[in-house]
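Trainee: The structure's right below; bear with me while I get my questions together.
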Amino acid sequence: MANRGLRLLAASTGATSVGKWGFGVALAVYAYRTGGTTLVGVVLLLQAFPSVLAAPVLAWLGDRHSRKQVLLVTNAARTAMLAGAAAAMWAHAPAAVVFALAVLYSMVSTANQPARAALIPALSRVPSEASSANAVVSSLDNAGFLVGAGGGGVMVAATSTQAVVGACALAYLISLWMIAALPRDARPKNRRAKLGLVQEITTGFQTVSAQHQLRLLVLLLASLSVTGGLANVLVVVTAISLLHAGAAGVGYLSAAYGAGGVLAGIAAIALLERSIPVAAVLVGACALCLPLVLVGIVPVPATALIAWAAVGLGYALVKGTGLTLLQRLTEDRVLSRVLGVLETTFVAGIGIGAIVAPALVSAFGRKGALIASGVFLPLIAILSQRSLRNLEAGVPVPGESFELLRASPIFAPMPIGVTESLTRALREISLPTGHVVIRQGDPGDLWFLIANGEVEVIKDDEFQTRLGAGQGFGEIALLRDVPRTATVRTVTPTRLLALDRDRFLTAVTGLRESHEAAQEIATNYLSSAGSSQIQ
């Protein structure tokens, strides 16, 4: 709540969630009135299939352009599409017009989630803010489900489908206003040679396939989405066939699911602030799936309501934790595209789960299908826990040091997890005025970042420049294995953050963008005596 940018982003997510779920209800009712149950299924399929194909393509925009700008454009487009759909319904235009706008709406939406999730780390001052923001956004998304789906259903009955769709367009317009107030995120300079469009789009898949930890997280989240698809079908089976509660029972269980998702934010913050994502995943997986087993054994209304609230809590907890870990492990340069891969697998996984669910019911019966679905995700989580433990973040990092390191052009391209680890390795040094920090000709063993204060740079007994808070020095001797090329002396009481040679070189040479940024700083100094980035 103290971070205005994250606060606005979370609130805008709540507004778009209300619009998204309200439109889903109105569209389903409109399709049913137009062509019955079959047409509802066809429309859902038409929305899902192009979205799977569009997700990796549109996610690329979030790595090429300002993510705030991507959110502005996509939400403006979705506002216009919803307004157009409402107008088409009101004017009794051919249903194909409404369905075509719905398909375009779903395709454009695939650019929104990766850009939003990639913007969270950019707006966060410390890693714990990103974790908390993911939890709050997830809770507001589920609150939006309760308000949008529940309120949309009531409003459709009281007014008309076009009135609901118009109200959803208004919700997106409110979200657009909030997004416009966000601070602009400057995209870092892309130092790599420009690739062809196909290569740019497939970079997300290549990044995931090349890194074991990312593959593990995508597999875990894909398993979650399959379970979500199973639950989408089994909620109907449970309400109608097991509980004999009819369509109203589906609504009650869905409301319990949304309420559980809202509560998941509290659980996520409690676990992630303690940097124990494995516990968050295991708790979420068990909360999601074990109640399904219980319903399969004891199919009564009270058990089912508790179970579906737990399903909502577990789903949001595992997804939020996985998303946080993915943000920590991925370079900012490709973060939106990696999240686009996740979006693709999510949509596909939900579809797979929805297809598999009827086969499970046919093979094992209604109760057996619930039990089989309930053991799937916990099994995946338990088998993955040893690898997941390698992702534990450790104790929280000092916020000021983390911000300073991330602001450095050398470290800005690095994944949050790497920067977090380096922040813990920084050694604080407080020096009085006139202290010589490094002397020209001496060997170099540290890189320095100025936390506060000021230093002057002297080369061959001639003054060169002054450096202040947020600027670094010392990289030339480390990168090029040469003696110090200048003397640096404090001109005010100064507090420095120092990183040892091995950690600096391991981090910088391990990422091409960081290495090129450091070499560029070194080259600029060596070619210009008046450079402000100097050793």
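Chain labels run A, B, ... following the order of the structure tokens; each chain numbers its residues from 1, and ligands are numbered from 1 in the order shown.
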Residues at most 6 Å from segment 129-134 of chain A, counting only C-alpha atoms, excluding those fewer than 3 positions away in the same chain, as an MDAnalysis selection string?
Mentor: chainID A and resid 120:121 124 126 137 269 320 324
Trainee: So that I can check the surroundings of Trp90 of chain A, please list as a PDB file with N, CA and C atoms, in the first residue's frame every protein, DNA and RNA residue that reaches within 10 Å of it, counting only C-alpha atoms and ignoring chain neighbours fewer than 2 positions away.
Mentor:
ATOM      1  N   GLY A  84     -18.299  -1.779 -28.330  1.00  0.00           N
ATOM      2  CA  GLY A  84     -18.822  -2.215 -29.626  1.00  0.00           C
ATOM      3  C   GLY A  84     -19.768  -3.401 -29.504  1.00  0.00           C
ATOM      4  N   ALA A  85     -19.419  -4.354 -28.636  1.00  0.00           N
ATOM      5  CA  ALA A  85     -20.287  -5.524 -28.433  1.00  0.00           C
ATOM      6  C   ALA A  85     -21.614  -5.110 -27.823  1.00  0.00           C
ATOM      7  N   ALA A  86     -21.592  -4.181 -26.858  1.00  0.00           N
ATOM      8  CA  ALA A  86     -22.837  -3.695 -26.252  1.00  0.00           C
ATOM      9  C   ALA A  86     -23.703  -3.004 -27.294  1.00  0.00           C
ATOM     10  N   ALA A  87     -23.054  -2.191 -28.139  1.00  0.00           N
ATOM     11  CA  ALA A  87     -23.805  -1.500 -29.193  1.00  0.00           C
ATOM     12  C   ALA A  87     -24.402  -2.491 -30.188  1.00  0.00           C
ATOM     13  N   ALA A  88     -23.634  -3.536 -30.552  1.00  0.00           N
ATOM     14  CA  ALA A  88     -24.128  -4.543 -31.491  1.00  0.00           C
ATOM     15  C   ALA A  88     -25.321  -5.299 -30.908  1.00  0.00           C
ATOM     16  N   HIS A  92     -29.295  -5.093 -32.280  1.00  0.00           N
ATOM     17  CA  HIS A  92     -29.718  -6.391 -32.841  1.00  0.00           C
ATOM     18  C   HIS A  92     -28.924  -6.730 -34.112  1.00  0.00           C
ATOM     19  N   ALA A  93     -27.624  -6.410 -34.069  1.00  0.00           N
ATOM     20  CA  ALA A  93     -26.743  -6.773 -35.183  1.00  0.00           C
ATOM     21  C   ALA A  93     -26.575  -8.293 -35.214  1.00  0.00           C
ATOM     22  N   SER A 160     -30.426  -6.289 -18.997  1.00  0.00           N
ATOM     23  CA  SER A 160     -30.201  -6.945 -20.290  1.00  0.00           C
ATOM     24  C   SER A 160     -28.721  -7.240 -20.448  1.00  0.00           C
ATOM     25  N   THR A 161     -28.389  -8.095 -21.411  1.00  0.00           N
ATOM     26  CA  THR A 161     -26.981  -8.432 -21.642  1.00  0.00           C
ATOM     27  C   THR A 161     -26.196  -7.208 -22.102  1.00  0.00           C
ATOM     28  N   GLN A 162     -26.820  -6.367 -22.949  1.00  0.00           N
ATOM     29  CA  GLN A 162     -26.094  -5.193 -23.428  1.00  0.00           C
ATOM     30  C   GLN A 162     -25.808  -4.200 -22.304  1.00  0.00           C
ATOM     31  N   ALA A 163     -26.698  -4.124 -21.310  1.00  0.00           N
ATOM     32  CA  ALA A 163     -26.441  -3.241 -20.174  1.00  0.00           C
ATOM     33  C   ALA A 163     -25.243  -3.733 -19.366  1.00  0.00           C
TER      34      ALA A 163
END
Trainee: At a cut-off of 8 Å, using only C-alpha atoms, what residues contact Leu243 of chain A? Leave out same-chain residues fewer than 4 positions from it and give the result as a PyMOL selection string.
Mentor: chain A and resi 238-239+249+299-301
Trainee: Write out as a list of chain:residue names which residues come within 7 Å of segment 312-314 of chain A when counting only C-alpha atoms, dropping same-chain ones fewer than 5 positions away.
Mentor: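 The residues that qualify are A:Tyr257, A:Gly258, A:Gly260, A:Gly261, A:Leu263, A:Ala264, A:Gly284, A:Ala285, A:Ala287, A:Leu288.
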Trainee: Can you tell me, as an mmCIF file with N, CA and C atoms, in the first residue's frame, what residues are no more than 10 Å from Ala181 of chain A when counting only C-alpha atoms, ignoring any on the same chain fewer than 2 positions away?
Mentor:
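What landed in out.cif:
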data_model
loop_
_atom_site.group_PDB
_atom_site.id
_atom_site.type_symbol
_atom_site.label_atom_id
_atom_site.label_comp_id
_atom_site.auth_asym_id
_atom_site.auth_seq_id
_atom_site.Cartn_x
_atom_site.Cartn_y
_atom_site.Cartn_z
ATOM 1 N N ARG A 4 2.847 3.658 -4.464
ATOM 2 C CA ARG A 4 1.722 4.186 -5.245
ATOM 3 C C ARG A 4 1.562 3.470 -6.578
ATOM 4 N N GLY A 5 2.674 3.175 -7.233
ATOM 5 C CA GLY A 5 2.592 2.503 -8.522
ATOM 6 C C GLY A 5 1.948 1.129 -8.412
ATOM 7 N N LEU A 8 -1.833 1.440 -7.635
ATOM 8 C CA LEU A 8 -2.638 1.737 -8.821
ATOM 9 C C LEU A 8 -2.763 0.515 -9.724
ATOM 10 N N LEU A 9 -1.655 -0.229 -9.873
ATOM 11 C CA LEU A 9 -1.680 -1.408 -10.736
ATOM 12 C C LEU A 9 -2.637 -2.465 -10.179
ATOM 13 N N LYS A 68 3.825 -0.178 -19.315
ATOM 14 C CA LYS A 68 2.683 0.684 -19.039
ATOM 15 C C LYS A 68 1.948 1.011 -20.332
ATOM 16 N N LEU A 176 -8.394 2.060 -17.120
ATOM 17 C CA LEU A 176 -7.542 2.822 -18.033
ATOM 18 C C LEU A 176 -7.062 4.109 -17.374
ATOM 19 N N TRP A 177 -7.944 4.745 -16.630
ATOM 20 C CA TRP A 177 -7.585 5.978 -15.923
ATOM 21 C C TRP A 177 -6.503 5.708 -14.875
ATOM 22 N N MET A 178 -6.611 4.585 -14.174
ATOM 23 C CA MET A 178 -5.613 4.234 -13.166
ATOM 24 C C MET A 178 -4.263 3.921 -13.808
ATOM 25 N N ILE A 179 -4.286 3.190 -14.910
ATOM 26 C CA ILE A 179 -3.039 2.829 -15.584
ATOM 27 C C ILE A 179 -2.326 4.072 -16.113
ATOM 28 N N PRO A 183 3.664 5.411 -13.056
ATOM 29 C CA PRO A 183 4.940 5.948 -13.562
ATOM 30 C C PRO A 183 5.372 5.174 -14.794
ATOM 31 N N ARG A 184 5.971 5.862 -15.735
ATOM 32 C CA ARG A 184 6.396 5.205 -16.969
ATOM 33 C C ARG A 184 7.635 4.350 -16.707
#
Trainee: My list of candidates is A:Gly151, A:Cys168, A:Val281, A:Arg333. Which is closest to Ser384 of chain A when distances are computed with only C-alpha atoms?
Mentor: A:Val281
Trainee: Using only C-alpha atoms, which protein or nucleic acid residues come within 10 Å of Ala231 of chain A? Drop anything in the same chain fewer than 6 positions from it, and give the result as a PyMOL selection string.
Mentor: chain A and resi 225+237-238+288-289+292+308+311-312+350+353-354+357+370+373-374
Trainee: What's around segment 328-331 of chain A at 8 Å? Count only C-alpha atoms, leave out sequence neighbours fewer than 3 positions away in its own chain, and write the answer as a PDB file with N, CA and C atoms, in the first residue's frame.
Mentor:
ATOM      1  N   GLN A 213      15.413 -24.328 -13.905  1.00  0.00           N
ATOM      2  CA  GLN A 213      14.507 -23.776 -12.901  1.00  0.00           C
ATOM      3  C   GLN A 213      13.244 -23.211 -13.539  1.00  0.00           C
ATOM      4  N   LEU A 214      13.391 -22.551 -14.681  1.00  0.00           N
ATOM      5  CA  LEU A 214      12.212 -22.031 -15.373  1.00  0.00           C
ATOM      6  C   LEU A 214      11.348 -23.162 -15.902  1.00  0.00           C
ATOM      7  N   THR A 324       5.768 -15.287  -8.712  1.00  0.00           N
ATOM      8  CA  THR A 324       6.815 -14.553  -7.994  1.00  0.00           C
ATOM      9  C   THR A 324       8.192 -15.156  -8.272  1.00  0.00           C
ATOM     10  N   LEU A 325       8.278 -16.471  -8.232  1.00  0.00           N
ATOM     11  CA  LEU A 325       9.558 -17.136  -8.498  1.00  0.00           C
ATOM     12  C   LEU A 325      10.000 -16.915  -9.942  1.00  0.00           C
ATOM     13  N   VAL A 334      13.665 -10.394 -21.202  1.00  0.00           N
ATOM     14  CA  VAL A 334      12.779 -11.398 -21.803  1.00  0.00           C
ATOM     15  C   VAL A 334      11.613 -11.763 -20.886  1.00  0.00           C
ATOM     16  N   LEU A 335      11.421 -11.000 -19.800  1.00  0.00           N
ATOM     17  CA  LEU A 335      10.440 -11.388 -18.783  1.00  0.00           C
ATOM     18  C   LEU A 335       9.027 -11.480 -19.355  1.00  0.00           C
ATOM     19  N   VAL A 338       8.662 -14.663 -21.453  1.00  0.00           N
ATOM     20  CA  VAL A 338       8.591 -15.869 -20.615  1.00  0.00           C
ATOM     21  C   VAL A 338       7.211 -15.969 -19.972  1.00  0.00           C
ATOM     22  N   PRO A 413      19.908  -5.146 -15.860  1.00  0.00           N
ATOM     23  CA  PRO A 413      19.336  -6.228 -16.669  1.00  0.00           C
ATOM     24  C   PRO A 413      19.193  -7.562 -15.933  1.00  0.00           C
ATOM     25  N   MET A 414      19.755  -7.687 -14.741  1.00  0.00           N
ATOM     26  CA  MET A 414      19.805  -8.990 -14.079  1.00  0.00           C
ATOM     27  C   MET A 414      18.458  -9.385 -13.487  1.00  0.00           C
ATOM     28  N   PRO A 415      18.170 -10.686 -13.395  1.00  0.00           N
ATOM     29  CA  PRO A 415      16.962 -11.144 -12.715  1.00  0.00           C
ATOM     30  C   PRO A 415      16.951 -10.674 -11.263  1.00  0.00           C
ATOM     31  N   ILE A 416      15.761 -10.493 -10.716  1.00  0.00           N
ATOM     32  CA  ILE A 416      15.635 -10.028  -9.335  1.00  0.00           C
ATOM     33  C   ILE A 416      16.372 -10.948  -8.377  1.00  0.00           C
ATOM     34  N   GLY A 417      16.272 -12.262  -8.600  1.00  0.00           N
ATOM     35  CA  GLY A 417      16.912 -13.213  -7.693  1.00  0.00           C
ATOM     36  C   GLY A 417      18.410 -13.028  -7.621  1.00  0.00           C
ATOM     37  N   VAL A 418      19.047 -12.727  -8.758  1.00  0.00           N
ATOM     38  CA  VAL A 418      20.497 -12.506  -8.781  1.00  0.00           C
ATOM     39  C   VAL A 418      20.837 -11.213  -8.045  1.00  0.00           C
TER      40      VAL A 418
END
Trainee: I'd like to know which residues of segment 184-324 of chain A are helix (DSSP H, G or I) (by DSSP, run on the backbone); could you write them as a ChimeraX atom specification?
Mentor: /A:197-210,212-242,246-272,277-297,301-324
Trainee: What is the atom CA of Ala369 of chain A to atom CA of Thr344 of chain A distance in Å?
Mentor: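 Separation of atom CA of Ala369 of chain A and atom CA of Thr344 of chain A: 25.8 Å.
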Trainee: So which one's closest to Arg386 of chain A, A:Ala451, A:Leu216, A:Val262, A:Ala210? Using only C-alpha atoms, please.
Mentor: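 For Arg386 of chain A, the nearest of the given residues is A:Leu216.
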